[in-house]
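Q: Dropping in my_file.tsv, with TSV, C-alpha atoms and all ligand atoms.
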```
chain	number	residue	atom	x	y	z
K	1	MET	CA	1.35	13.05	6.34
K	2	VAL	CA	1.35	10.87	3.20
K	3	LEU	CA	4.14	8.31	3.40
K	4	ARG	CA	5.13	5.93	0.63
K	5	ILE	CA	7.52	3.24	1.78
K	6	VAL	CA	9.16	0.14	0.42
K	7	ILE	CA	10.39	-2.32	3.05
K	8	LEU	CA	13.20	-4.70	2.17
K	9	GLY	CA	14.52	-7.60	4.22
K	10	ALA	CA	15.39	-11.27	4.05
K	11	PRO	CA	12.84	-13.98	4.82
K	12	GLY	CA	12.78	-14.27	8.61
K	13	SER	CA	14.07	-10.72	9.17
K	14	GLY	CA	10.77	-9.63	10.75
K	15	LYS	CA	9.87	-7.38	7.81
K	16	GLY	CA	6.18	-8.35	7.77
K	17	THR	CA	5.77	-7.66	11.49
K	18	GLN	CA	7.44	-4.26	11.22
K	19	ALA	CA	5.46	-3.35	8.09
K	20	LYS	CA	2.22	-4.04	9.96
K	21	ARG	CA	3.29	-1.88	12.89
K	22	ILE	CA	4.36	0.98	10.62
K	23	SER	CA	1.03	0.86	8.79
K	24	GLU	CA	-0.84	1.01	12.09
K	25	LYS	CA	1.17	3.83	13.63
K	26	TYR	CA	1.33	6.02	10.51
K	27	ASP	CA	-2.13	5.07	9.27
K	28	ILE	CA	-0.98	3.99	5.83
K	29	ARG	CA	-1.96	0.84	3.90
K	30	HIS	CA	0.12	-2.32	4.30
K	31	ILE	CA	0.38	-3.94	0.88
K	32	SER	CA	1.93	-7.40	0.99
K	33	THR	CA	2.10	-9.09	-2.41
K	34	GLY	CA	2.47	-12.49	-0.68
K	35	ASP	CA	-0.78	-11.89	1.25
K	36	ILE	CA	-2.62	-10.73	-1.89
K	37	PHE	CA	-1.45	-13.80	-3.83
K	38	ARG	CA	-2.32	-16.18	-0.97
K	39	SER	CA	-5.79	-14.72	-0.80
K	40	HIS	CA	-6.28	-15.28	-4.56
K	41	VAL	CA	-5.10	-18.88	-4.21
K	42	GLN	CA	-7.43	-19.49	-1.26
K	43	ARG	CA	-10.42	-17.98	-3.08
K	44	SER	CA	-9.48	-19.87	-6.23
K	45	THR	CA	-9.88	-16.80	-8.44
K	46	ASP	CA	-8.67	-16.89	-12.07
K	47	LEU	CA	-5.44	-15.27	-10.94
K	48	GLY	CA	-5.23	-17.70	-8.01
K	49	LYS	CA	-5.44	-20.68	-10.38
K	50	LYS	CA	-2.72	-19.17	-12.57
K	51	ILE	CA	-0.25	-18.63	-9.74
K	52	THR	CA	-0.91	-21.68	-7.53
K	53	GLU	CA	1.92	-23.64	-9.09
K	54	SER	CA	4.51	-20.87	-8.70
K	55	MET	CA	3.42	-20.26	-5.12
K	56	THR	CA	3.58	-23.88	-4.04
K	57	ASN	CA	6.98	-24.41	-5.65
K	58	GLY	CA	8.40	-21.27	-4.05
K	59	ARG	CA	8.99	-19.70	-7.48
K	60	LEU	CA	8.31	-16.05	-8.20
K	61	VAL	CA	5.10	-15.03	-9.92
K	62	PRO	CA	5.95	-13.42	-13.31
K	63	ASP	CA	6.74	-9.69	-13.16
K	64	GLU	CA	3.85	-8.62	-15.46
K	65	VAL	CA	1.30	-10.45	-13.31
K	66	THR	CA	2.80	-9.14	-10.07
K	67	CYS	CA	3.04	-5.53	-11.28
K	68	GLU	CA	-0.58	-5.57	-12.54
K	69	VAL	CA	-1.78	-6.74	-9.11
K	70	VAL	CA	0.22	-4.00	-7.38
K	71	TRP	CA	-0.94	-1.22	-9.74
K	72	ARG	CA	-4.56	-2.28	-9.26
K	73	ARG	CA	-4.13	-2.08	-5.48
K	74	LEU	CA	-2.29	1.26	-5.60
K	75	ARG	CA	-5.08	2.79	-7.69
K	76	GLU	CA	-7.62	2.11	-4.93
K	77	SER	CA	-8.63	5.29	-3.16
K	78	ASP	CA	-7.59	4.14	0.33
K	79	CYS	CA	-3.96	4.26	-0.84
K	80	GLU	CA	-4.15	8.05	-1.14
K	81	VAL	CA	-3.09	8.29	2.52
K	82	GLY	CA	0.14	6.42	1.69
K	83	TYR	CA	1.32	2.83	1.76
K	84	ILE	CA	4.08	0.44	2.69
K	85	LEU	CA	4.99	-2.16	0.07
K	86	ASP	CA	6.07	-5.47	1.62
K	87	GLY	CA	7.45	-8.19	-0.69
K	88	PHE	CA	7.53	-5.84	-3.68
K	89	PRO	CA	9.71	-5.04	-5.56
K	90	ARG	CA	11.46	-8.41	-5.51
K	91	THR	CA	13.25	-8.21	-8.86
K	92	LEU	CA	15.14	-5.38	-10.52
K	93	PRO	CA	12.55	-5.05	-13.35
K	94	GLN	CA	9.79	-4.73	-10.69
K	95	ALA	CA	11.81	-1.95	-9.01
K	96	HIS	CA	12.23	-0.12	-12.33
K	97	HIS	CA	8.54	-0.55	-13.20
K	98	LEU	CA	7.61	0.85	-9.80
K	99	GLN	CA	9.77	3.94	-10.39
K	100	GLU	CA	8.09	4.44	-13.79
K	101	TRP	CA	4.62	3.97	-12.31
K	102	LEU	CA	5.35	6.54	-9.60
K	103	VAL	CA	6.61	9.09	-12.11
K	104	ARG	CA	3.52	8.55	-14.30
K	105	HIS	CA	1.27	9.11	-11.29
K	106	ASP	CA	3.22	12.07	-10.00
K	107	GLU	CA	4.11	10.26	-6.79
K	108	GLN	CA	7.41	9.47	-5.13
K	109	LEU	CA	8.76	7.08	-2.57
K	110	ASP	CA	9.84	8.60	0.70
K	111	VAL	CA	12.12	5.79	1.75
K	112	ALA	CA	13.29	2.26	1.01
K	113	LEU	CA	13.73	0.78	4.49
K	114	GLU	CA	16.12	-2.12	4.67
K	115	LEU	CA	15.93	-4.37	7.70
K	116	GLU	CA	19.34	-5.93	8.15
K	117	VAL	CA	19.65	-9.11	10.22
K	118	PRO	CA	22.65	-11.42	9.77
K	119	ASP	CA	21.85	-14.73	8.08
K	120	ALA	CA	23.23	-16.64	11.10
K	121	GLU	CA	20.69	-14.95	13.37
K	122	ILE	CA	17.83	-15.58	10.93
K	123	LEU	CA	18.84	-19.25	10.72
K	124	GLU	CA	18.99	-19.49	14.50
K	125	ARG	CA	15.65	-17.72	15.07
K	126	THR	CA	13.79	-19.50	12.32
K	127	GLY	CA	15.38	-22.89	12.94
K	128	ALA	CA	13.96	-22.82	16.45
K	129	ARG	CA	10.47	-21.90	15.25
K	130	ARG	CA	7.74	-24.49	15.65
K	131	SER	CA	4.02	-24.27	15.28
K	132	CYS	CA	1.23	-26.17	16.94
K	133	ALA	CA	-0.02	-28.78	14.49
K	134	THR	CA	-3.60	-28.15	15.55
K	135	CYS	CA	-4.08	-24.43	16.03
K	136	GLY	CA	-1.05	-23.01	14.20
K	137	LYS	CA	0.20	-20.96	17.15
K	138	ILE	CA	3.90	-20.19	16.73
K	139	PHE	CA	6.52	-20.95	19.40
K	140	ASN	CA	10.26	-20.56	19.59
K	141	LEU	CA	12.18	-23.39	21.22
K	142	LYS	CA	14.85	-20.89	22.30
K	143	TYR	CA	12.51	-18.62	24.21
K	144	ASP	CA	9.83	-21.14	25.16
K	145	PRO	CA	11.74	-24.38	25.82
K	146	PRO	CA	9.50	-27.42	26.19
K	147	GLY	CA	8.15	-27.70	29.71
K	148	SER	CA	8.71	-24.01	30.55
K	149	VAL	CA	5.36	-22.84	29.23
K	150	PRO	CA	2.11	-24.52	28.36
K	151	TYR	CA	2.62	-24.94	24.63
K	152	CYS	CA	-0.84	-24.18	23.60
K	153	GLU	CA	-3.46	-22.22	25.43
K	154	ARG	CA	-6.33	-24.23	24.01
K	155	ALA	CA	-7.30	-26.87	26.52
K	156	ASP	CA	-8.45	-29.26	23.78
K	157	CYS	CA	-5.26	-28.86	21.74
K	158	PRO	CA	-2.99	-31.92	21.63
K	159	SER	CA	-0.04	-29.54	21.18
K	160	SER	CA	2.20	-31.53	18.91
K	161	LEU	CA	4.71	-29.13	17.45
K	162	ILE	CA	5.79	-29.16	13.83
K	163	GLN	CA	8.41	-27.31	11.80
K	164	ARG	CA	7.14	-25.59	8.64
K	165	ALA	CA	8.74	-26.96	5.49
K	166	ASP	CA	10.17	-23.55	4.57
K	167	ASP	CA	11.71	-23.14	8.04
K	168	VAL	CA	13.90	-26.23	7.60
K	169	GLU	CA	17.52	-25.04	7.59
K	170	GLU	CA	18.42	-26.25	4.12
K	171	THR	CA	15.36	-24.62	2.55
K	172	LEU	CA	15.92	-21.42	4.46
K	173	ARG	CA	19.58	-21.24	3.39
K	174	GLU	CA	18.45	-21.55	-0.21
K	175	ARG	CA	15.80	-18.82	0.23
K	176	LEU	CA	18.44	-16.56	1.79
K	177	ARG	CA	20.85	-17.23	-1.08
K	178	ILE	CA	18.16	-16.30	-3.62
K	179	TYR	CA	17.20	-13.23	-1.58
K	180	HIS	CA	20.77	-11.89	-1.52
K	181	SER	CA	21.34	-12.43	-5.24
K	182	MET	CA	18.03	-10.79	-6.23
K	183	PHE	CA	18.20	-7.91	-3.79
K	184	GLU	CA	21.72	-6.69	-4.43
K	185	PRO	CA	20.79	-4.73	-7.58
K	186	ILE	CA	17.62	-3.44	-5.90
K	187	HIS	CA	19.67	-2.12	-2.97
K	188	ALA	CA	22.03	-0.50	-5.44
K	189	LEU	CA	19.12	1.19	-7.23
K	190	TYR	CA	17.61	2.65	-4.05
K	191	LYS	CA	21.04	3.72	-2.86
K	192	ARG	CA	21.59	5.54	-6.15
K	193	LEU	CA	18.19	7.21	-5.77
K	194	ASP	CA	19.25	8.22	-2.24
K	195	LEU	CA	16.20	6.47	-0.77
K	196	LEU	CA	17.90	3.62	1.09
K	197	LYS	CA	17.89	3.66	4.90
K	198	THR	CA	19.28	0.61	6.65
K	199	VAL	CA	18.04	-0.39	10.08
K	200	GLU	CA	20.23	-2.90	11.95
K	201	GLY	CA	18.06	-5.51	13.60
K	202	ALA	CA	20.81	-7.82	14.89
K	203	GLY	CA	20.13	-9.05	18.41
K	204	LEU	CA	17.16	-6.72	18.85
K	205	ALA	CA	13.63	-7.47	19.97
K	206	PRO	CA	10.81	-6.33	17.63
K	207	ASP	CA	10.01	-3.31	19.86
K	208	ASP	CA	13.61	-2.09	19.65
K	209	VAL	CA	13.71	-2.52	15.88
K	210	PHE	CA	10.48	-0.56	15.63
K	211	ALA	CA	11.93	2.25	17.75
K	212	LYS	CA	14.82	2.55	15.27
K	213	ILE	CA	12.44	2.55	12.29
K	214	ASP	CA	10.36	5.19	13.99
K	215	GLU	CA	13.40	7.42	14.32
K	216	VAL	CA	14.08	7.09	10.60
K	217	LEU	CA	10.47	7.89	9.71
K	218	LEU	CA	10.27	10.82	12.10
K	219	GLY	CA	13.51	12.11	10.57
K	220	ILE	CA	11.94	12.00	7.12
K	221	GLY	CA	8.80	13.77	8.36
K	222	ALA	CA	10.87	16.45	10.04
K	223	ALA	CA	12.93	16.99	6.91
K	224	ARG	CA	9.84	17.24	4.73
K	225	SER	CA	7.95	19.68	6.92
K	226	ALA	CA	11.05	21.89	7.38
K	301	LIG	P1	5.95	-13.92	0.68
K	301	LIG	O1	4.80	-14.07	1.62
K	301	LIG	O2	6.34	-12.47	0.49
K	301	LIG	O3	7.12	-14.80	1.02
K	301	LIG	O4	5.43	-14.40	-0.77
K	301	LIG	C1	4.91	-15.69	-0.97
K	301	LIG	C2	5.01	-16.06	-2.45
K	301	LIG	O5	4.27	-15.13	-3.24
K	301	LIG	C3	6.42	-16.01	-3.04
K	301	LIG	O6	7.15	-17.20	-2.80
K	301	LIG	C4	6.13	-15.82	-4.52
K	301	LIG	O7	5.70	-17.03	-5.13
K	301	LIG	C5	4.94	-14.88	-4.48
K	301	LIG	N1	5.36	-13.45	-4.47
K	301	LIG	C6	5.19	-12.53	-3.48
K	301	LIG	N2	5.66	-11.34	-3.83
K	301	LIG	C7	6.16	-11.47	-5.08
K	301	LIG	C8	6.80	-10.59	-5.99
K	301	LIG	N3	7.05	-9.30	-5.69
K	301	LIG	N4	7.18	-11.09	-7.19
K	301	LIG	C9	6.93	-12.36	-7.54
K	301	LIG	N5	6.35	-13.26	-6.73
K	301	LIG	C10	5.96	-12.83	-5.51
```
In structure tokens, write the structure found in this file.

A:
Amino acid sequence: MVLRIVILGAPGSGKGTQAKRISEKYDIRHISTGDIFRSHVQRSTDLGKKITESMTNGRLVPDEVTCEVVWRRLRESDCEVGYILDGFPRTLPQAHHLQEWLVRHDEQLDVALELEVPDAEILERTGARRSCATCGKIFNLKYDPPGSVPYCERADCPSSLIQRADDVEETLRERLRIYHSMFEPIHALYKRLDLLKTVEGAGLAPDDVFAKIDEVLLGIGAARSA
């Protein structure tokens, strides 16, 4: 079954984790614009050099550049089985361009999945997130309080924990504010197109969120094969 999905959700909502699981279960490609851009920056490609500044300052890469990267990826033959777009569209023009691209290629989205987690919960979850300064392993002070677990499994790891700059509460609040202002018109568009399905993630573990997403996707499959 070919599935074409857009996943929407605030930073820290668990969108990337769920997108990966969906792609594995339904055997569709996971296309994360953030991952594609990071890979260009790491490899120092021409595009990477162009976008390094935007990426490091937390600004958005221009729409034309972003759309071109997405179209190039969508044209690859492995996307014929379907895909889940994660981190795109992020602006209303990107959402409109995507609709135009789909019409031109005689394709359509099956669903725009919105993962809804209250800001307070995101702030709580993310504020407690720390990573090992040496190996990068991620811990949560709420679930793994110091002393309750060995912080790092690597015997040679000094295990000093750091907080990522973009997890600091002030920065995260600002990212959430930007997210809400940018995504409101995108939500409205997908609602108007009757593609929006909201999954409530408040207070739920990743497995439980995935079970809800699965129900939505199975519902779509059932409706389409009926
Ligand atoms: P992410 O991993 O999705 O948070 O993306 C990391 C960075 O990549 C963002 O802060 C932006 O600089 C850039 N980026 C990712 N997706 C987009 C997009 N759809 N439009 C513009 N910039 C993007």

Q: Using all atoms listed in the file, find each protein or nucleic acid residue lying at most 9 Å from ligand LIG 301 (chain K); present the set as a JSON list (two decimals) with C-alpha atoms, in the coordinates of the input.

A:
```
[["chain", "number", "residue", "atom", "x", "y", "z"],
["K", 11, "PRO", "CA", 12.84, -13.98, 4.82],
["K", 16, "GLY", "CA", 6.18, -8.35, 7.77],
["K", 32, "SER", "CA", 1.93, -7.40, 0.99],
["K", 33, "THR", "CA", 2.10, -9.09, -2.41],
["K", 34, "GLY", "CA", 2.47, -12.49, -0.68],
["K", 35, "ASP", "CA", -0.78, -11.89, 1.25],
["K", 36, "ILE", "CA", -2.62, -10.73, -1.89],
["K", 37, "PHE", "CA", -1.45, -13.80, -3.83],
["K", 38, "ARG", "CA", -2.32, -16.18, -0.97],
["K", 51, "ILE", "CA", -0.25, -18.63, -9.74],
["K", 52, "THR", "CA", -0.91, -21.68, -7.53],
["K", 53, "GLU", "CA", 1.92, -23.64, -9.09],
["K", 54, "SER", "CA", 4.51, -20.87, -8.70],
["K", 55, "MET", "CA", 3.42, -20.26, -5.12],
["K", 56, "THR", "CA", 3.58, -23.88, -4.04],
["K", 57, "ASN", "CA", 6.98, -24.41, -5.65],
["K", 58, "GLY", "CA", 8.40, -21.27, -4.05],
["K", 59, "ARG", "CA", 8.99, -19.70, -7.48],
["K", 60, "LEU", "CA", 8.31, -16.05, -8.20],
["K", 61, "VAL", "CA", 5.10, -15.03, -9.92],
["K", 62, "PRO", "CA", 5.95, -13.42, -13.31],
["K", 63, "ASP", "CA", 6.74, -9.69, -13.16],
["K", 65, "VAL", "CA", 1.30, -10.45, -13.31],
["K", 66, "THR", "CA", 2.80, -9.14, -10.07],
["K", 67, "CYS", "CA", 3.04, -5.53, -11.28],
["K", 70, "VAL", "CA", 0.22, -4.00, -7.38],
["K", 86, "ASP", "CA", 6.07, -5.47, 1.62],
["K", 87, "GLY", "CA", 7.45, -8.19, -0.69],
["K", 88, "PHE", "CA", 7.53, -5.84, -3.68],
["K", 89, "PRO", "CA", 9.71, -5.04, -5.56],
["K", 90, "ARG", "CA", 11.46, -8.41, -5.51],
["K", 91, "THR", "CA", 13.25, -8.21, -8.86],
["K", 94, "GLN", "CA", 9.79, -4.73, -10.69]]
```

Q: May I have the residues within 12 Å of Val209 of chain K as number ranges by chain, using all atoms listed in the file and disregarding those fewer than 5 positions away in the same chain?

A: K: 13-15, 17-19, 21-22, 113-117, 198-204, 214-216

Q: One decimal, Å: what's the distance from atom CA of Ile186 of chain K over to atom CA of Gly9 of chain K, could you say?

A: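 That distance, rounded to one decimal, is 11.4 Å.
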
Q: Using all atoms listed in the file, can you list as an MDAnalysis selection string the residues within 9 Å of (5.9, -22.7, 16.9)?

A: chainID K and resid 128:133 136:141 151 161:164

Q: Edge lengths and centre in Å to one decimal, as JSON, of the axis-aligned box that encloses all listed atoms of segment 89-93 of chain K with 8 Å added on every side?

A:
```
{"center_x": 12.4, "center_y": -6.7, "center_z": -9.4, "size_x": 21.4, "size_y": 19.4, "size_z": 23.8}
```

Q: May I ask which of the residues K:Ile178, K:Val41, K:Ile84, K:Ala10 is the closest one to Glu24 of chain K, counting all atoms listed in the file?

A: K:Ile84

Q: Have a look at K:Leu123, K:Phe210, K:His97, K:Gln42 and name the one nearest to Ser23 of chain K; count only C-alpha atoms.

A: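 Between K:Leu123, K:Phe210, K:His97, K:Gln42, the residue approaching Ser23 of chain K most closely is K:Phe210.
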
Q: Using all atoms listed in the file, pick whichever of K:Leu193, K:Ala95, K:Leu218, K:Val69 has the shortest atom-to-atom distance to Leu8 of chain K.

A: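 Checking each of K:Leu193, K:Ala95, K:Leu218, K:Val69 against Leu8 of chain K, counting all atoms listed in the file, the winner is K:Ala95.
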
Q: Would you work out the distance separating atom CA of Trp101 of chain K from atom CA of Tyr26 of chain K, expressed in Å to one decimal?

A: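 Separation of atom CA of Trp101 of chain K and atom CA of Tyr26 of chain K: 23.1 Å.
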
Q: Report the distance between atom CA of Cys135 of chain K and atom CA of Glu121 of chain K in Å, rounded to one decimal place.

A: 26.7 Å

Q: Determine, counting all atoms listed in the file, which protein, DNA and RNA residues have an atom within 12 Å of an atom of Arg173 of chain K; residues of the same chain fewer than 6 positions away are not included. Present the result as a compact mmCIF listing (two decimals) with C-alpha atoms, in the coordinates of the input.

A:
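This went into selection_28.txt:
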```
# COMPACT_ATOMS: atom_id res chain seq x y z
CA ALA K 10 15.39 -11.27 4.05
CA PRO K 11 12.84 -13.98 4.82
CA GLY K 12 12.78 -14.27 8.61
CA ASP K 119 21.85 -14.73 8.08
CA ALA K 120 23.23 -16.64 11.10
CA GLU K 121 20.69 -14.95 13.37
CA ILE K 122 17.83 -15.58 10.93
CA LEU K 123 18.84 -19.25 10.72
CA GLU K 124 18.99 -19.49 14.50
CA THR K 126 13.79 -19.50 12.32
CA GLY K 127 15.38 -22.89 12.94
CA ASP K 166 10.17 -23.55 4.57
CA ASP K 167 11.71 -23.14 8.04
CA TYR K 179 17.20 -13.23 -1.58
CA HIS K 180 20.77 -11.89 -1.52
```

Q: Rank nothing, just name the residue among K:Arg75, K:Tyr83, K:Asp46, K:Phe183 nearest to Lys25 of chain K, using all atoms listed in the file.

A: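 Residue with the minimum atom-to-atom distance to Lys25 of chain K: K:Tyr83.
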
Q: Show me, as a ChimeraX atom specification, the residues that have an atom within 6 Å of segment 194-197 of chain K when counting all atoms listed in the file, minus same-chain residues fewer than 2 positions from it.

A: /K:111-113,190-192

Q: Taking C-alpha atoms for each residue, export the selection above as a short mmCIF file (atom, residue, chain, number, x, y, z; two decimals), keeping the file's coordinate frame.

A:
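Output saved as again.cif:
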```
data_model
loop_
_atom_site.label_atom_id
_atom_site.label_comp_id
_atom_site.auth_asym_id
_atom_site.auth_seq_id
_atom_site.Cartn_x
_atom_site.Cartn_y
_atom_site.Cartn_z
CA VAL K 111 12.12 5.79 1.75
CA ALA K 112 13.29 2.26 1.01
CA LEU K 113 13.73 0.78 4.49
CA TYR K 190 17.61 2.65 -4.05
CA LYS K 191 21.04 3.72 -2.86
CA ARG K 192 21.59 5.54 -6.15
#
```

Q: Which residue is closest to Ile220 of chain K? Choose from K:Leu98, K:Leu109, K:Cys79, K:Leu47 and count all atoms listed in the file.

A: K:Leu109

Q: Have a look at K:Pro118, K:Val2, K:Glu68, K:Arg125 and name the one nearest to Glu80 of chain K; count all atoms listed in the file.

A: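 Closest candidate: K:Val2.
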
Q: At most 6 Å from (5.8, 6.0, 0.6), file frame, all atoms listed in the file: which residues, as a PyMOL selection string?

A: chain K and resi 3-5+82-83+109-110
